[in-house]
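File shown: model-v2.pdb (PDB, C-alpha atoms and all ligand atoms).
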MODEL        1
ATOM      1  CA  MET A   1      18.547  -6.436 -25.406
ATOM      2  CA  THR A   2      17.023  -8.093 -28.442
ATOM      3  CA  GLN A   3      14.319  -6.786 -30.673
ATOM      4  CA  SER A   4      12.464  -8.625 -33.401
ATOM      5  CA  SER A   5      11.894  -6.735 -36.628
ATOM      6  CA  THR A   6       8.898  -8.891 -37.564
ATOM      7  CA  SER A   7       6.953  -8.428 -34.299
ATOM      8  CA  PRO A   8       7.777  -5.057 -32.805
ATOM      9  CA  ARG A   9       6.944  -4.545 -29.174
ATOM     10  CA  PRO A  10       3.777  -2.603 -28.484
ATOM     11  CA  SER A  11       4.627   0.930 -27.393
ATOM     12  CA  ALA A  12       2.983   0.281 -24.025
ATOM     13  CA  GLU A  13       5.965  -1.868 -23.102
ATOM     14  CA  THR A  14       8.593   0.760 -23.788
ATOM     15  CA  GLY A  15       7.009   4.103 -22.921
ATOM     16  CA  THR A  16       7.029   6.440 -19.962
ATOM     17  CA  ARG A  17       3.853   6.108 -17.964
ATOM     18  CA  ALA A  18       1.541   9.132 -17.929
ATOM     19  CA  VAL A  19      -1.102  10.073 -15.363
ATOM     20  CA  ARG A  20      -4.373   8.364 -16.276
ATOM     21  CA  GLN A  21      -6.503   9.637 -13.397
ATOM     22  CA  ILE A  22      -6.098  11.862 -10.321
ATOM     23  CA  VAL A  23      -7.988  10.807  -7.193
ATOM     24  CA  ARG A  24      -8.286  12.725  -3.943
ATOM     25  CA  GLY A  25      -8.641  10.820  -0.681
ATOM     26  CA  MET A  26     -12.083  10.830   0.923
ATOM     27  CA  PRO A  27     -12.259  11.696   4.658
ATOM     28  CA  THR A  28     -13.870   8.854   6.601
ATOM     29  CA  SER A  29     -13.467   6.912   9.817
ATOM     30  CA  ASP A  30     -12.906   3.239  10.514
ATOM     31  CA  GLY A  31     -12.174   0.926  13.420
ATOM     32  CA  ALA A  32     -13.579   2.439  16.633
ATOM     33  CA  GLY A  33     -13.574   5.947  15.131
ATOM     34  CA  VAL A  34     -10.114   6.534  13.678
ATOM     35  CA  LYS A  35     -10.160   9.454  11.242
ATOM     36  CA  LEU A  36      -8.434   8.731   7.939
ATOM     37  CA  ARG A  37      -8.394   9.462   4.231
ATOM     38  CA  ARG A  38      -9.555   6.575   2.027
ATOM     39  CA  VAL A  39      -7.877   6.865  -1.358
ATOM     40  CA  ILE A  40      -8.414   3.443  -2.942
ATOM     41  CA  GLY A  41     -11.647   1.684  -1.979
ATOM     42  CA  GLN A  42     -14.013   4.669  -2.383
ATOM     43  CA  PRO A  43     -16.412   5.603  -5.207
ATOM     44  CA  GLN A  44     -13.834   7.468  -7.342
ATOM     45  CA  LEU A  45     -11.477   4.470  -7.277
ATOM     46  CA  PRO A  46     -13.183   1.317  -5.917
ATOM     47  CA  ASP A  47     -10.050  -0.764  -6.571
ATOM     48  CA  LEU A  48      -6.936  -0.936  -8.712
ATOM     49  CA  ASP A  49      -6.275  -4.667  -9.183
ATOM     50  CA  PRO A  50      -4.376  -6.077  -7.215
ATOM     51  CA  PHE A  51      -4.868  -3.167  -4.747
ATOM     52  CA  LEU A  52      -8.126  -3.200  -2.815
ATOM     53  CA  MET A  53      -7.735  -0.262  -0.470
ATOM     54  CA  LEU A  54      -5.345   2.529   0.499
ATOM     55  CA  ASP A  55      -5.884   4.505   3.687
ATOM     56  CA  GLU A  56      -3.717   7.430   4.763
ATOM     57  CA  PHE A  57      -3.933   8.286   8.432
ATOM     58  CA  GLY A  58      -2.289  11.465   9.646
ATOM     59  CA  THR A  59      -3.128  13.668  12.607
ATOM     60  CA  ASP A  60      -1.571  15.443  15.573
ATOM     61  CA  LYS A  61      -4.780  15.077  17.601
ATOM     62  CA  ALA A  62      -5.051  12.038  19.867
ATOM     63  CA  GLU A  63      -8.863  12.040  19.670
ATOM     64  CA  ASP A  64      -8.574  11.230  15.949
ATOM     65  CA  TYR A  65      -6.763   7.915  16.580
ATOM     66  CA  ILE A  66      -6.952   6.974  20.277
ATOM     67  CA  ALA A  67      -9.876   4.524  19.873
ATOM     68  CA  GLY A  68      -7.792   2.460  17.456
ATOM     69  CA  PHE A  69      -8.894  -0.698  15.684
ATOM     70  CA  PRO A  70     -10.101  -3.205  18.306
ATOM     71  CA  ASP A  71     -10.423  -6.933  17.485
ATOM     72  CA  HIS A  72     -11.530  -7.543  13.895
ATOM     73  CA  PRO A  73     -11.041 -10.380  11.395
ATOM     74  CA  HIS A  74      -9.385 -10.596   7.982
ATOM     75  CA  ARG A  75      -9.410 -13.346   5.347
ATOM     76  CA  GLY A  76      -8.203 -13.688   1.760
ATOM     77  CA  PHE A  77      -5.715 -10.833   1.271
ATOM     78  CA  GLU A  78      -2.739  -8.940   2.717
ATOM     79  CA  THR A  79      -2.549  -5.723   4.732
ATOM     80  CA  VAL A  80       0.568  -3.580   4.467
ATOM     81  CA  THR A  81       1.056  -1.002   7.217
ATOM     82  CA  TYR A  82       3.777   1.608   6.782
ATOM     83  CA  MET A  83       4.279   3.914   9.754
ATOM     84  CA  LEU A  84       5.673   7.407   9.256
ATOM     85  CA  ASP A  85       5.036   8.793  12.762
ATOM     86  CA  GLY A  86       3.708   7.310  15.964
ATOM     87  CA  ARG A  87       3.565   3.827  17.449
ATOM     88  CA  MET A  88       0.908   1.168  16.990
ATOM     89  CA  ARG A  89       0.610  -2.175  18.802
ATOM     90  CA  HIS A  90      -0.833  -5.171  16.972
ATOM     91  CA  ARG A  91      -1.951  -8.405  18.593
ATOM     92  CA  ASP A  92      -3.677 -11.407  17.025
ATOM     93  CA  ASN A  93      -5.487 -14.559  18.139
ATOM     94  CA  HIS A  94      -2.544 -16.774  17.119
ATOM     95  CA  GLY A  95      -0.199 -15.229  19.693
ATOM     96  CA  ASN A  96       1.554 -12.744  17.429
ATOM     97  CA  GLU A  97       2.191  -9.317  18.917
ATOM     98  CA  GLY A  98       4.449  -6.378  18.190
ATOM     99  CA  VAL A  99       4.818  -2.608  18.095
ATOM    100  CA  LEU A 100       5.134  -0.719  14.824
ATOM    101  CA  VAL A 101       7.482   2.241  15.230
ATOM    102  CA  PRO A 102       8.125   5.178  12.858
ATOM    103  CA  GLY A 103       9.606   3.965   9.573
ATOM    104  CA  SER A 104       8.609   0.338  10.112
ATOM    105  CA  VAL A 105       6.590  -1.910   7.819
ATOM    106  CA  GLN A 106       4.239  -4.746   8.632
ATOM    107  CA  TRP A 107       3.274  -6.944   5.665
ATOM    108  CA  MET A 108       0.555  -9.226   7.010
ATOM    109  CA  THR A 109      -0.760 -12.135   4.966
ATOM    110  CA  ALA A 110      -4.190 -12.807   6.478
ATOM    111  CA  GLY A 111      -4.656 -15.939   4.363
ATOM    112  CA  ARG A 112      -7.350 -18.251   5.775
ATOM    113  CA  GLY A 113      -7.985 -15.912   8.655
ATOM    114  CA  LEU A 114      -7.018 -14.208  11.862
ATOM    115  CA  VAL A 115      -8.537 -11.816  14.372
ATOM    116  CA  HIS A 116      -6.368  -8.925  15.434
ATOM    117  CA  SER A 117      -6.306  -5.472  16.975
ATOM    118  CA  GLU A 118      -4.275  -2.450  15.933
ATOM    119  CA  MET A 119      -4.128   0.067  18.788
ATOM    120  CA  PRO A 120      -2.137   3.263  19.362
ATOM    121  CA  GLU A 121       0.818   2.788  21.707
ATOM    122  CA  GLN A 122       0.737   6.476  22.678
ATOM    123  CA  GLN A 123      -1.619   8.936  24.372
ATOM    124  CA  ALA A 124      -0.556  12.062  22.484
ATOM    125  CA  GLY A 125       1.482  13.266  19.531
ATOM    126  CA  ARG A 126       1.433  12.647  15.835
ATOM    127  CA  MET A 127       0.226   9.415  14.210
ATOM    128  CA  ARG A 128       0.831   9.123  10.483
ATOM    129  CA  GLY A 129       1.156   6.353   7.922
ATOM    130  CA  PHE A 130      -0.555   4.165   5.377
ATOM    131  CA  GLN A 131      -2.440   0.907   5.221
ATOM    132  CA  LEU A 132      -2.642  -0.778   1.831
ATOM    133  CA  TRP A 133      -4.748  -3.868   1.119
ATOM    134  CA  LEU A 134      -3.260  -6.164  -1.464
ATOM    135  CA  ASN A 135      -5.249  -9.042  -2.903
ATOM    136  CA  LEU A 136      -4.101 -12.670  -2.910
ATOM    137  CA  PRO A 137      -4.674 -15.014  -5.855
ATOM    138  CA  ALA A 138      -7.338 -17.722  -5.420
ATOM    139  CA  ARG A 139      -4.656 -20.362  -4.827
ATOM    140  CA  ASP A 140      -3.251 -18.444  -1.822
ATOM    141  CA  LYS A 141      -6.400 -17.128  -0.148
ATOM    142  CA  MET A 142      -6.528 -19.985   2.364
ATOM    143  CA  THR A 143      -2.796 -20.051   3.072
ATOM    144  CA  ALA A 144      -1.558 -19.933   6.672
ATOM    145  CA  PRO A 145      -1.405 -16.407   8.145
ATOM    146  CA  LYS A 146       2.079 -14.885   7.997
ATOM    147  CA  TYR A 147       3.894 -11.694   9.005
ATOM    148  CA  GLN A 148       6.839  -9.950   7.382
ATOM    149  CA  GLU A 149       7.842  -7.202   9.795
ATOM    150  CA  PHE A 150      10.750  -4.825   9.343
ATOM    151  CA  GLY A 151      12.019  -2.059  11.591
ATOM    152  CA  PRO A 152      13.241   1.198  10.015
ATOM    153  CA  GLU A 153      16.870   0.021  10.070
ATOM    154  CA  ARG A 154      15.941  -2.897   7.788
ATOM    155  CA  ILE A 155      14.393  -0.767   5.036
ATOM    156  CA  PRO A 156      17.286   0.079   2.673
ATOM    157  CA  VAL A 157      17.678   3.545   1.177
ATOM    158  CA  ALA A 158      18.664   4.040  -2.484
ATOM    159  CA  GLN A 159      19.892   7.255  -4.100
ATOM    160  CA  PRO A 160      18.950   6.829  -7.751
ATOM    161  CA  ALA A 161      19.811  10.456  -8.701
ATOM    162  CA  ALA A 162      21.052  13.705  -7.172
ATOM    163  CA  GLY A 163      18.450  15.069  -4.755
ATOM    164  CA  VAL A 164      16.423  11.843  -4.739
ATOM    165  CA  THR A 165      16.250   9.182  -2.034
ATOM    166  CA  ALA A 166      14.009   6.125  -2.023
ATOM    167  CA  ARG A 167      13.265   3.887   0.945
ATOM    168  CA  VAL A 168      12.808   0.503  -0.714
ATOM    169  CA  ILE A 169      10.122  -1.542   1.029
ATOM    170  CA  ALA A 170       9.515  -3.840  -1.946
ATOM    171  CA  GLY A 171      11.070  -3.950  -5.413
ATOM    172  CA  THR A 172      14.463  -2.653  -6.566
ATOM    173  CA  VAL A 173      15.807   0.891  -7.056
ATOM    174  CA  ALA A 174      19.292   1.482  -8.511
ATOM    175  CA  GLY A 175      20.348  -2.028  -7.505
ATOM    176  CA  VAL A 176      18.971  -1.747  -3.942
ATOM    177  CA  ALA A 177      16.345  -4.429  -3.216
ATOM    178  CA  GLY A 178      13.627  -4.176  -0.573
ATOM    179  CA  PRO A 179      13.051  -6.983   1.947
ATOM    180  CA  ILE A 180       9.447  -7.989   1.113
ATOM    181  CA  GLN A 181       8.841 -11.255  -0.734
ATOM    182  CA  GLN A 182       5.497 -11.753  -2.492
ATOM    183  CA  PRO A 183       5.822 -13.732  -5.748
ATOM    184  CA  ALA A 184       2.091 -13.664  -6.609
ATOM    185  CA  THR A 185       1.828  -9.888  -7.114
ATOM    186  CA  ASP A 186       5.556  -9.069  -7.292
ATOM    187  CA  PRO A 187       4.991  -5.682  -5.602
ATOM    188  CA  THR A 188       7.007  -2.484  -5.733
ATOM    189  CA  TYR A 189       6.564  -0.195  -2.707
ATOM    190  CA  LEU A 190       8.836   2.860  -2.459
ATOM    191  CA  ASP A 191       8.833   5.943  -0.243
ATOM    192  CA  VAL A 192      10.446   8.544  -2.486
ATOM    193  CA  ALA A 193      11.781  11.976  -1.436
ATOM    194  CA  LEU A 194      12.575  14.459  -4.229
ATOM    195  CA  GLU A 195      14.127  17.898  -3.808
ATOM    196  CA  PRO A 196      12.497  20.546  -6.025
ATOM    197  CA  GLY A 197      13.868  20.080  -9.547
ATOM    198  CA  ALA A 198      15.397  16.675  -8.794
ATOM    199  CA  SER A 199      14.284  13.935 -11.135
ATOM    200  CA  PHE A 200      14.659  10.194 -11.631
ATOM    201  CA  VAL A 201      13.390   7.362 -13.773
ATOM    202  CA  GLN A 202      12.180   4.105 -12.216
ATOM    203  CA  GLU A 203      11.598   0.941 -14.222
ATOM    204  CA  LEU A 204       8.240  -0.708 -13.525
ATOM    205  CA  PRO A 205       7.065  -3.915 -15.223
ATOM    206  CA  ALA A 206       4.782  -2.950 -18.126
ATOM    207  CA  ASP A 207       2.056  -5.394 -17.056
ATOM    208  CA  HIS A 208       1.837  -4.035 -13.487
ATOM    209  CA  ALA A 209      -0.844  -1.679 -12.167
ATOM    210  CA  ALA A 210       0.845   1.341 -10.574
ATOM    211  CA  PHE A 211       0.049   4.488  -8.619
ATOM    212  CA  LEU A 212       1.815   7.416  -6.987
ATOM    213  CA  TYR A 213       0.408   9.000  -3.813
ATOM    214  CA  VAL A 214       1.920  12.335  -2.791
ATOM    215  CA  PHE A 215       1.881  13.031   0.945
ATOM    216  CA  GLU A 216       4.159  16.092   1.164
ATOM    217  CA  GLY A 217       4.761  18.834  -1.404
ATOM    218  CA  ALA A 218       4.112  18.186  -5.082
ATOM    219  CA  VAL A 219       5.610  15.857  -7.709
ATOM    220  CA  ARG A 220       5.477  16.017 -11.502
ATOM    221  CA  VAL A 221       4.774  12.706 -13.223
ATOM    222  CA  GLY A 222       5.704  11.831 -16.795
ATOM    223  CA  ALA A 223       8.040  12.762 -19.610
ATOM    224  CA  ASP A 224       8.724  16.481 -20.148
ATOM    225  CA  ALA A 225       5.941  17.413 -22.591
ATOM    226  CA  GLY A 226       3.078  15.456 -21.069
ATOM    227  CA  ALA A 227       4.143  15.705 -17.422
ATOM    228  CA  LYS A 228       1.427  16.453 -14.867
ATOM    229  CA  PRO A 229       1.766  17.842 -11.348
ATOM    230  CA  VAL A 230       0.354  15.756  -8.501
ATOM    231  CA  ALA A 231      -0.405  17.658  -5.287
ATOM    232  CA  THR A 232      -0.356  16.620  -1.636
ATOM    233  CA  HIS A 233      -3.082  14.052  -0.805
ATOM    234  CA  GLU A 234      -3.593  13.211  -4.474
ATOM    235  CA  LEU A 235      -3.197   9.756  -6.007
ATOM    236  CA  ALA A 236      -2.153   9.448  -9.635
ATOM    237  CA  VAL A 237      -3.209   6.239 -11.370
ATOM    238  CA  LEU A 238      -0.433   5.563 -13.875
ATOM    239  CA  GLY A 239      -1.039   4.613 -17.495
ATOM    240  CA  GLU A 240       0.832   2.173 -19.684
ATOM    241  CA  GLY A 241       4.586   1.951 -20.060
ATOM    242  CA  ASN A 242       7.649   0.284 -18.591
ATOM    243  CA  GLN A 243       9.024   3.227 -16.608
ATOM    244  CA  ILE A 244       8.007   6.321 -14.707
ATOM    245  CA  ARG A 245       9.716   9.684 -14.486
ATOM    246  CA  LEU A 246       9.234  11.698 -11.284
ATOM    247  CA  THR A 247      10.369  15.280 -10.652
ATOM    248  CA  GLY A 248      10.143  17.193  -7.382
ATOM    249  CA  VAL A 249       8.049  20.381  -7.761
ATOM    250  CA  SER A 250       7.637  21.839  -4.286
ATOM    251  CA  ALA A 251       8.983  20.786  -0.931
ATOM    252  CA  GLY A 252       7.071  19.283   1.959
ATOM    253  CA  ALA A 253       7.187  19.813   5.700
ATOM    254  CA  ASP A 254      10.965  19.520   6.010
ATOM    255  CA  GLY A 255      11.367  22.393   3.549
ATOM    256  CA  ARG A 256      13.614  20.274   1.322
ATOM    257  CA  SER A 257      11.775  17.423  -0.375
ATOM    258  CA  ALA A 258       8.443  16.358  -1.765
ATOM    259  CA  ARG A 259       7.457  12.869  -0.622
ATOM    260  CA  ALA A 260       5.315  10.200  -2.232
ATOM    261  CA  ILE A 261       4.762   6.474  -2.185
ATOM    262  CA  LEU A 262       5.154   4.718  -5.524
ATOM    263  CA  VAL A 263       3.395   1.347  -5.575
ATOM    264  CA  ALA A 264       3.001  -1.250  -8.333
ATOM    265  CA  GLY A 265       1.911  -4.865  -8.600
ATOM    266  CA  ARG A 266       0.841  -7.571 -11.015
ATOM    267  CA  PRO A 267      -2.954  -7.605 -11.513
ATOM    268  CA  LEU A 268      -4.622 -10.885 -10.579
ATOM    269  CA  ARG A 269      -7.531 -10.620 -13.079
ATOM    270  CA  GLU A 270      -9.732 -12.855 -10.919
ATOM    271  CA  PRO A 271     -13.309 -12.285  -9.731
ATOM    272  CA  VAL A 272     -13.456 -10.310  -6.458
ATOM    273  CA  ALA A 273     -16.170 -10.924  -3.864
ATOM    274  CA  ARG A 274     -15.597  -8.617  -0.906
ATOM    275  CA  TYR A 275     -17.456  -7.631   2.191
ATOM    276  CA  GLY A 276     -15.738  -5.633   4.921
ATOM    277  CA  PRO A 277     -12.644  -7.517   6.059
ATOM    278  CA  PHE A 278     -13.206 -10.566   3.830
ATOM    279  CA  VAL A 279     -12.017 -10.627   0.206
ATOM    280  CA  MET A 280     -12.690 -13.845  -1.700
ATOM    281  CA  ASN A 281     -13.511 -14.927  -5.287
ATOM    282  CA  SER A 282     -17.190 -15.896  -4.888
ATOM    283  CA  ASN A 283     -20.208 -15.184  -2.678
ATOM    284  CA  ALA A 284     -20.174 -18.799  -1.490
ATOM    285  CA  GLU A 285     -16.637 -18.264  -0.179
ATOM    286  CA  LEU A 286     -17.748 -15.024   1.505
ATOM    287  CA  HIS A 287     -20.583 -16.843   3.286
ATOM    288  CA  GLN A 288     -18.109 -19.511   4.362
ATOM    289  CA  ALA A 289     -15.808 -16.785   5.729
ATOM    290  CA  PHE A 290     -18.656 -15.352   7.864
ATOM    291  CA  GLU A 291     -19.573 -18.809   9.119
ATOM    292  CA  ASP A 292     -15.975 -19.728   9.941
ATOM    293  CA  PHE A 293     -15.462 -16.409  11.755
ATOM    294  CA  GLN A 294     -18.697 -16.727  13.738
ATOM    295  CA  THR A 295     -17.894 -20.305  14.767
ATOM    296  CA  GLY A 296     -14.408 -19.389  15.969
ATOM    297  CA  LYS A 297     -12.471 -21.074  13.153
ATOM    298  CA  PHE A 298     -10.168 -18.083  12.574
TER     299      PHE A 298
HETATM  300 MN    MN B 301      -6.702  -5.036  10.465
ENDMDL
END

Hey, can you dump this file as structure tokens for me?
Amino acid sequence: MTQSSTSPRPSAETGTRAVRQIVRGMPTSDGAGVKLRRVIGQPQLPDLDPFLMLDEFGTDKAEDYIAGFPDHPHRGFETVTYMLDGRMRHRDNHGNEGVLVPGSVQWMTAGRGLVHSEMPEQQAGRMRGFQLWLNLPARDKMTAPKYQEFGPERIPVAQPAAGVTARVIAGTVAGVAGPIQQPATDPTYLDVALEPGASFVQELPADHAAFLYVFEGAVRVGADAGAKPVATHELAVLGEGNQIRLTGVSAGADGRSARAILVAGRPLREPVARYGPFVMNSNAELHQAFEDFQTGKF
């Protein structure tokens, strides 16, 4: 490591990130009436460049999810579905089809457009997981649609410290690299489990936007003095710095570990024009998206 004495690095590049804002998910429904919690993409946190939306779905009641998400279009961004419990079948108008099982990840690049459905592949039982919307840069918005799909056995598990495990969907933890490739936003996406009192430090690029969303138990974020607890169903927007320190506070449903997703990505800093399932850079491009969808060009 080299350091120049004449132009010291700004502290933002070497510090431990603190919690900048706590956001609670807002109950809503989408698709044909699926109940979910919208965490990013609601008034408290309209977006967090490059992240456009984060939904958590989680219920034991079939009536909350059984109607699913029938045929709908997307253009101009990526959807990342991470299943914790339950099975969901996806099918698109280009002939792609598959079933997402517990622990699997589907990273879908909608690009210039597709029409797909996302429907429960079960009549009863628990359905739980996340869908994250990740923006594409202007140069990639009209790229060909693409899927990166990984079953649970293809998501590697790192153990960065005693009492801590991380399923690495994207990014690198303790030398273990996740399978997702996305050079534009260079994402990190980890599912972290921390036993109470267990702690670890994760490097995150200083110029990346980052958040932690706790879905079981509670996690403390930050260095010792300024650390803040983040409770279940809370999202912590992370401030500046090149690393994050997480400590398990209280356990989740398994009685052993708190669980959270830690997500980061390079901001695009481009104009965003969005309406429903279309996310472009200008209103003219949005109008074009509607026209192309309505005339069957997806
Ligand atoms: Mn969709």

Closest atom pairs, residues of stretch 233-284 of chain A within 8 Å of stretch 129-143 of chain A, all atoms listed in the file, as CSV:
residue,atom,partner,partner_atom,distance
A:Leu268,CA,A:Pro137,CA,6.3
A:Glu270,CA,A:Pro137,CA,7.5
A:Val279,CA,A:Asn135,CA,7.6
A:Met280,CA,A:Lys141,CA,7.3
A:Asn281,CA,A:Ala138,CA,6.8

What is the distance between atom CA of A:Asp224 and atom CA of A:Pro267, in Å to one decimal?
28.1 Å

Excluding stretch 174-187 of chain A and its own-chain neighbours fewer than 4 positions away, which residues fall within 10 Å of it when counting only C-alpha atoms? Please give them as a PyMOL selection string.
chain A and resi 49-51+105-107+109+134-137+139-140+148-150+154-161+166-170+201-205+208-210+263-268

Chain and number of each residue from the PyMOL selection byres (((chain A and resi 29) around 12) and not hetatm), as a PyMOL selection string:
chain A and resi 26-28+30-38+55-57+64-65+67-69

Using the chain letters and numbers from this file, what does the PyMOL selection byres (((chain A and resi 40) around 9) and not hetatm) select? Give the answer as a ChimeraX atom specification.
/A:23,25,38-39,41-48,51-55,132,235

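Here atom CA of A:His72 stands at a distance of 14.0 Å from atom CA of A:Met108.
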
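Put simply, atom CA of A:Leu262 is 23.2 Å away from atom CA of A:Met88.
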
Determine the residue set returned by the PyMOL selection byres (((chain A and resi 227) around 10) and not hetatm) for the present structure, and present it as number ranges by chain.
A: 17-19, 219-226, 228-230, 245-247

For ligand MN 301 (chain B), collect every residue having any atom at a distance of at most 8 Å from a ligand atom (counting only C-alpha atoms and all ligand atoms); output as a list in words.
Phe69, His72, Pro73, His74, Thr79, His116, Ser117, Glu118 and Pro277 of chain A

Could you write out the selected residues, including C-alpha atoms, as an mmCIF file, in the coordinates of the input?
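Final file, result_39.cif:
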data_model
loop_
_atom_site.group_PDB
_atom_site.id
_atom_site.type_symbol
_atom_site.label_atom_id
_atom_site.label_comp_id
_atom_site.auth_asym_id
_atom_site.auth_seq_id
_atom_site.Cartn_x
_atom_site.Cartn_y
_atom_site.Cartn_z
ATOM 1 C CA PHE A 69 -8.894 -0.698 15.684
ATOM 2 C CA HIS A 72 -11.530 -7.543 13.895
ATOM 3 C CA PRO A 73 -11.041 -10.380 11.395
ATOM 4 C CA HIS A 74 -9.385 -10.596 7.982
ATOM 5 C CA THR A 79 -2.549 -5.723 4.732
ATOM 6 C CA HIS A 116 -6.368 -8.925 15.434
ATOM 7 C CA SER A 117 -6.306 -5.472 16.975
ATOM 8 C CA GLU A 118 -4.275 -2.450 15.933
ATOM 9 C CA PRO A 277 -12.644 -7.517 6.059
#
